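Colleague: This is the structure I have questions about; it appears just below.
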Amino acid sequence: MKLQVSNSNVPTWRDMTVKSDLPSKLKPLEKLSKNLWWVWNSDAKALFRDLNPDLWRSTGENPVMVLQRLSSDRQKEVINDPNFMERIDKVYAKFQDYMKKPMRKDVPSVSYFSMEYGLCNCLKIYSGGLGVLAGDYIKEASDSCVDMTAVGFLYRYGYFTQTLSVDGQQIANYEPQNFNQLPIEQVCDKNGNPVILEVPYPGRIIYSHIWKVAVGRMNLYLLDTDFDMNSEFDRVITHQLYGGDWENRIKQEYLLGIGGVLMLKKLGIKSQLYHCNEGHAALLNLQRLVDYVQEDHLDFNVALELVRASSLYTVHTPVPAGHDYFDEGLFGKYMGEYPAKLGISWNDLMNMGRENPNTNERFSMSVFALNTCQEANGVSWLHGEVSKKMFAGIWKGYSWQESHVGYVTNGVHMPTWAASEWKEFYAKHLGEQVFENQSDTNAWKGIFDVNDEEIWAMRMTMKNKFINFVKRDFKAKWLANQGDPSAVMKIVDKINPNALIIGFARRFATYKRAHLLFTDLDRLAKIVNNEQFPVQFVFSGKAHPADGAGQGLIKRIMEISRMPQFLGKIIFLEDYNMVVAKRLVSGVDIWLNTPTRPLEASGTSGEKAEMNGVLNFSVLDGWWYEGYRFNENAGWALTDRRTFTDQSQQDKLDAATIYSMLENEIIPLYFEKNSKGYSPRWIQYIKGSIGDIAPNFTMKRMIDDYIERFYNKEAARTKKLAAKDCALAKEIVAWKEKVAAAWDGIKVFDVQAQPLANNVTGQNYEVKAIVDTNGLGKDLGLEMVSYKVEDGEEKLWNVEPFKVVKEEGDVLTFEHKGKTEDPGVFRFAYRLYPINANLPHRQDFAYVRWI
């Protein structure tokens with residue numbers, strides 16, 4: 001037999017991480033690296049950077065990896081450097097003092113669920129604005145000593161990193177995270193073994209590891225299914241953020257909501273309130289219902305009262321298409337066992353997720369969230385109004401203007417997003433008090449007394465820091481991907497600190513309208529090639545891998561940036577992430593935002609710019625609809641009025657307006673420079689931006705709004721409902737059942753109205769109605785609802801209650817006397833509704849009968 005030349009099977013590779021063993025004197029650094037407090041503490045971040053600046057950058061600003069890779073020689077150098085050791089001691093003492101401060105007792109405890117969190121660049125569990133908002137929120141919860149626990153996923157691949165091909169095509173790269181190199185810790189039992197969470201899925205158990213992220217004083221717990229106890233089919237649940245098909249999506253949302261609640265129970269964490277950040281986590285309330293029914297032996301409807309009262313749903317999406325809907329077959333595959341657990345029918349469960357019950361509609365996670373949360377809110381005033389309209393069909397019989405859906409305008413975590421140089425500047429000129437009183441405009445008023453030259457010097461410092469960042473970090477990327485080294489060097493050389501630099505960076509979705517600036521290339525060329533008034537534009541952002549149109553926009557911008565007239569004047573920075581974002585929002589002069597109104601629910605990048613003396617030029621949408629009104633001489637706005645119904649025509653008009661405002665207002669103002677090299681009026685804009693606008697959009701203001709508008713109110717009501725063995729909750733359920741049973745038997749005997757058909761202003765009128773309440777008596781109310789027709793649109797004009805003037809058994813006589821105050825064309829009708837002072841709002845029990 002002839003011997004084979006080779007004989008080998010496939011190797012089974014095993015991971016082994018060899019970490020640098022830190023000397024005891026450097027152990028405080030290890031503790032600091034595992035708590036994300038360092039993200040927003042500039043001195044702590046500087047410690048890790050100064051250990052090895054090149055390593056800090058190459059690891060994506062990851063202190064855990066920096067410490068793991070720190071050479072023994074460098075460790076000895078640090079230990080023998082008394083100044084460095086003193087810095088370590090000071091920062092660690094500051095961290096310990098921070099951690100000692102107790103949580104507030106006047107604010108309820110909250111469990112916060114979100115699909116993504118943007119906390120720092122090296123922990124890739126976010127894709128964009130929603131995640132960064134959630135990350136900022138839990139940072140502020142820590143700073144404000146709110147007892148909050150957050151729940152999310154530890155993604156193996158997270159969101160993609162972006163590279164651009166030579167022709168400008170986006171390439172999405174999914175790079176696995178090594179969890180042992182991240183600022184997180186695996187949750188283990190008392191014997192040091194990983195805690196395994198068992199989540200019952202139909203026909204099988206899915207197992208999850210639990211990881212803890214320490215975010216200052218509070219904890220974020222992350223679920224992870226990517227290990228060998230699960231099948232290959234289930235390990236992928238926590239592979240990618242927003243990845244896979246609809247079946248993977250429902251598996252993710254099942255794990256986040258149901259698994260998240262089970263995880264909190266396993267860890268012994270019981271919160272007073274549950275906050276659902278977007279509809280992805282809505283199933284958390286399904287599991288809470290099961291717990292009340294099976295463990296506390298409550299009737300389903302009583303359980304629903306308790307769950308609703310202690311739940312808040314925040315919506316970030318302004319259009320119905322942006323919400324998650326599941327076909328009944330797929331939803332039934334995963335949720336089919338739940339009706340039996342709750343003592344309800346399958347149709348009952350499906351109807352909780354349908355805008356129109358008893359139809360073939362798909363199951364909407366947002367509708368389910370609204371039906372299981374007492375309160376709901378949009379993320380800006382305008383988005384709150386949009387959300388009322390979007391969800392109006394759920395509570396038929398009520399106008400969208402009467403909706404209980406509220407709003408809290410998003411903010412940003414100032415200590416994270418204000419550059420360290422600006423934080424030092426604020427401490428020097430405004431005092432340390434500004435960090436404790438971020439949302440108080442009085443705390444910022446000192447900015448108006450700061451010398452103009454100092455503010456200009458700060459802006460130039462930040463601009464040069466940004467330019468150096470671009471030259472250092474992107475030169476290598478451009479050389480690798482753009483093909484022509486000489487063209488790359490031309491781009492680098494043309495970045496001009498004396499130019500007016502305008503930034504545009506965000507997710508490249510078509511409604512963001514990144515293309516507007518390129519509507520008239522000849523006009524744009526004249527703007528950027530004016531040697532007397534140089535202007536440069538810097539773009540950055542990712543398009544979703546499935547969004548061909550968004551990727552096409554990036555490709556088009558790259559093509560334009562390589563045209564001779566735009567070379568070095570239009571620049572695209574690839575792989576937009578939190579590091580790039582911070583350099584941009586602190587380094588450019590103007591932050592440009594051009595969404596199709598009202599599709600920008602809030603937007604927060606412009607708020608980050610405000611913290612750094614960067615001025616906004618934006619459509620009056622989202623947060624800027626409110627922000628611009630605090631000082632209209634501290635930024636620029638495109639009108640909120642629509643001229644054309646055809647979007648392409650509106651785009652052309654908006655583009656022309658942008659060019660005109662740049663040419664006639666913004667550029668001349670910037671270059672209206674005095675003998676000292678700056679524009680005094682520009683500095684006044686910066687002062688107004690920082691002093692009048694920025695304080696209103698801090699995360700401190702945002703969390704205070706949630707506490708005041710929702711948390712305290714819900715906690716107080718939940719306490720009342722649950723007291724004395726849920727006596728009030730049971731009383732409300734009994735009342736609702738009584739109303740529901742009697743509702744169809746209500747009879748209207750007579751309605752008399754004199755005179756209402758043709759009126760003049762100032763005329764009195766009177767309406768009487770006789771109603772057989774079918775046993776409901778004064779639990780029934782009657783009101784006159786009127787709409788006014790203006791500009792072809794009906795607007796809710798007035799809701800006027802009737803008085804009960806006579807009572808004969810179950811028969812009530814209602815009366816309303818009024819006077820016509822305003823001229824115009826009106827429509828009116830009479831609405832019967834149930835009355836109970838223990839309800840939080842009408843939409844809690846939206847029974848309506850028009851007569």
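If you're wondering about the labels, chains in the structure tokens are A, B, ... by order shown, residues count from 1 in each chain, ligands from 1 in order shown.
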Can you pull out every residue from segment 570-742 of chain A that DSSP, working from the backbone, puts in helix (DSSP H, G or I), and format the result as a VMD selection string?

Modeller: chain A and resid 578 to 587 605 to 610 624 to 630 647 to 670 680 to 697 699 to 742

Colleague: What's the 12 Å shell around Pro598 of chain A, counting only C-alpha atoms, without same-chain residues fewer than 6 positions away, as a VMD selection string?

Modeller: chain A and resid 317 to 319 380 to 387 511 to 512 619 to 625 639 to 642

Colleague: How would the residues just chosen look if you wrote them out with C-alpha atoms as an mmCIF file, in the first residue's frame?

Modeller:
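As written to disk, part_7.cif reads:
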data_model
loop_
_atom_site.group_PDB
_atom_site.id
_atom_site.type_symbol
_atom_site.label_atom_id
_atom_site.label_comp_id
_atom_site.auth_asym_id
_atom_site.auth_seq_id
_atom_site.Cartn_x
_atom_site.Cartn_y
_atom_site.Cartn_z
ATOM 1 C CA THR A 317 -40.564 56.582 14.636
ATOM 2 C CA PRO A 318 -42.731 59.182 12.838
ATOM 3 C CA VAL A 319 -44.245 56.935 10.131
ATOM 4 C CA SER A 380 -39.977 66.217 20.508
ATOM 5 C CA TRP A 381 -43.008 68.483 20.620
ATOM 6 C CA LEU A 382 -43.567 68.163 16.887
ATOM 7 C CA HIS A 383 -43.046 64.404 16.947
ATOM 8 C CA GLY A 384 -45.532 64.174 19.801
ATOM 9 C CA GLU A 385 -48.115 65.817 17.541
ATOM 10 C CA VAL A 386 -47.181 63.499 14.665
ATOM 11 C CA SER A 387 -47.471 60.485 16.996
ATOM 12 C CA TYR A 511 -35.526 61.395 3.991
ATOM 13 C CA LYS A 512 -32.393 63.004 5.471
ATOM 14 C CA VAL A 619 -35.005 72.466 8.729
ATOM 15 C CA LEU A 620 -37.520 73.405 11.440
ATOM 16 C CA ASP A 621 -38.118 69.803 12.402
ATOM 17 C CA GLY A 622 -37.538 67.644 15.470
ATOM 18 C CA TRP A 623 -35.649 69.381 18.266
ATOM 19 C CA TRP A 624 -34.694 72.430 16.152
ATOM 20 C CA TYR A 625 -38.383 73.343 15.792
ATOM 21 C CA THR A 639 -39.073 77.334 6.994
ATOM 22 C CA ASP A 640 -41.524 74.769 8.276
ATOM 23 C CA ARG A 641 -44.068 75.800 5.648
ATOM 24 C CA ARG A 642 -44.482 73.575 2.636
#

Colleague: Can you tell me, as a list in words, which residues in segment 407-637 of chain A count as strand (DSSP E) by DSSP?

Modeller: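 So, restricting segment 407-637 of chain A to strand (DSSP E), we get Tyr407, Leu500, Ile501, Ile502, Gly503, Phe504, Ala505, Val535, Gln536, Phe537, Val538, Phe539, Ser540, Ile570, Ile571, Phe572, Leu573, Ile590, Trp591, Leu592, Asn593, Leu615, Asn616, Phe617, Ser618, Val619, Gly635, Trp636 and Ala637 of chain A.
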
Colleague: Excluding same-chain residues fewer than 2 positions from Gly552 of chain A, what lies within 10 Å of it counting only C-alpha atoms, as a list of chain:residue names?

Modeller: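 The neighbour list is A:Gly168, A:Gln169, A:Gln170, A:Phe508, A:Thr510, A:Ala543, A:Asp547, A:Gly548, A:Ala549, A:Gly550, A:Ile554, A:Lys555, A:Arg556, A:Ile557, A:Met558.
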
Colleague: One decimal, Å: what's the distance from atom CA of Pro23 of chain A over to atom CA of Phe179 of chain A, could you say?

Modeller: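 Separating atom CA of Pro23 of chain A from atom CA of Phe179 of chain A is a distance of 23.0 Å.
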
Colleague: So, with only C-alpha atoms as the atoms that count, which of A:Pro108, A:Lys27, A:Gln68, A:Thr161 lies closest to Gln272 of chain A?

Modeller: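 The answer is A:Pro108, which sits nearest to Gln272 of chain A.
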
Colleague: Pick out the residues sitting within 8 Å of segment 197-200 of chain A, and hand them over as a tab-separated table (two decimals) with C-alpha atoms, in the first residue's frame; count only C-alpha atoms, and ignore anything fewer than 4 positions along from it in its own chain.

Modeller:
chain	number	residue	atom	x	y	z
A	204	ARG	CA	-37.21	24.35	23.27
A	205	ILE	CA	-35.23	26.33	25.80
A	206	ILE	CA	-32.90	29.06	24.58
A	207	TYR	CA	-30.01	29.74	26.89
A	208	SER	CA	-28.43	33.11	27.45
A	209	HIS	CA	-25.35	34.40	29.16
A	210	ILE	CA	-25.70	37.65	31.08
A	255	LEU	CA	-35.66	37.51	23.96
A	258	ILE	CA	-39.73	38.19	27.68
A	259	GLY	CA	-36.13	37.12	28.28
A	262	LEU	CA	-37.00	36.74	33.22
A	263	MET	CA	-33.40	37.92	33.56
A	266	LYS	CA	-33.27	35.79	38.09

Colleague: Do you know which residues are at most 12 Å from Val78 of chain A counting only C-alpha atoms, after dropping those on the same chain fewer than 3 positions away, and could you put them as a list in words?

Modeller: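 Non-adjacent residues within range: Leu22, Pro23, Lys25, Leu26, Leu29, Leu47, Phe48, Asp50, Leu51, Asn52, Leu70, Ser71, Ser72, Asp73, Arg74, Gln75, Asp81, Pro82, Asn83, Phe84, Met85, Glu86, Arg87 and Ile88 of chain A.
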
Colleague: List as a ChimeraX atom specification the protein and nucleic acid residues near Ser311 of chain A, meaning an atom at most 9 Å away when only C-alpha atoms are counted, but skip any in the same chain fewer than 6 places from it.

Modeller: /A:273-276,285,369,372-376,714

Colleague: Go through A:Gly152, A:Pro176, A:Gly603, A:Gly691 and flag the residue nearest Asp440 of chain A, using only C-alpha atoms for the distances.

Modeller: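 For Asp440 of chain A, the nearest of the candidates is A:Gly691.
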
Colleague: Find the distance between atom CA of Ala340 of chain A and atom CA of Gly279 of chain A and write it in Å to one decimal.

Modeller: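 So the answer is 23.8 Å.
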
Colleague: So how far away is atom CA of Tyr678 of chain A from atom CA of Glu663 of chain A, in Å?

Modeller: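 A separation of 18.5 Å between them.
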
Colleague: May I ask which of the residues A:Leu283, A:Ile455, A:Gln401, A:Ala303 is the closest one to Tyr787 of chain A, counting only C-alpha atoms?

Modeller: A:Gln401

Colleague: Taking into account only C-alpha atoms, which residue in the set A:Arg681, A:Ser403, A:Leu36, A:Leu133 is nearest to Leu796 of chain A?

Modeller: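 Using only C-alpha atoms, Leu796 of chain A sits closest to A:Ser403.
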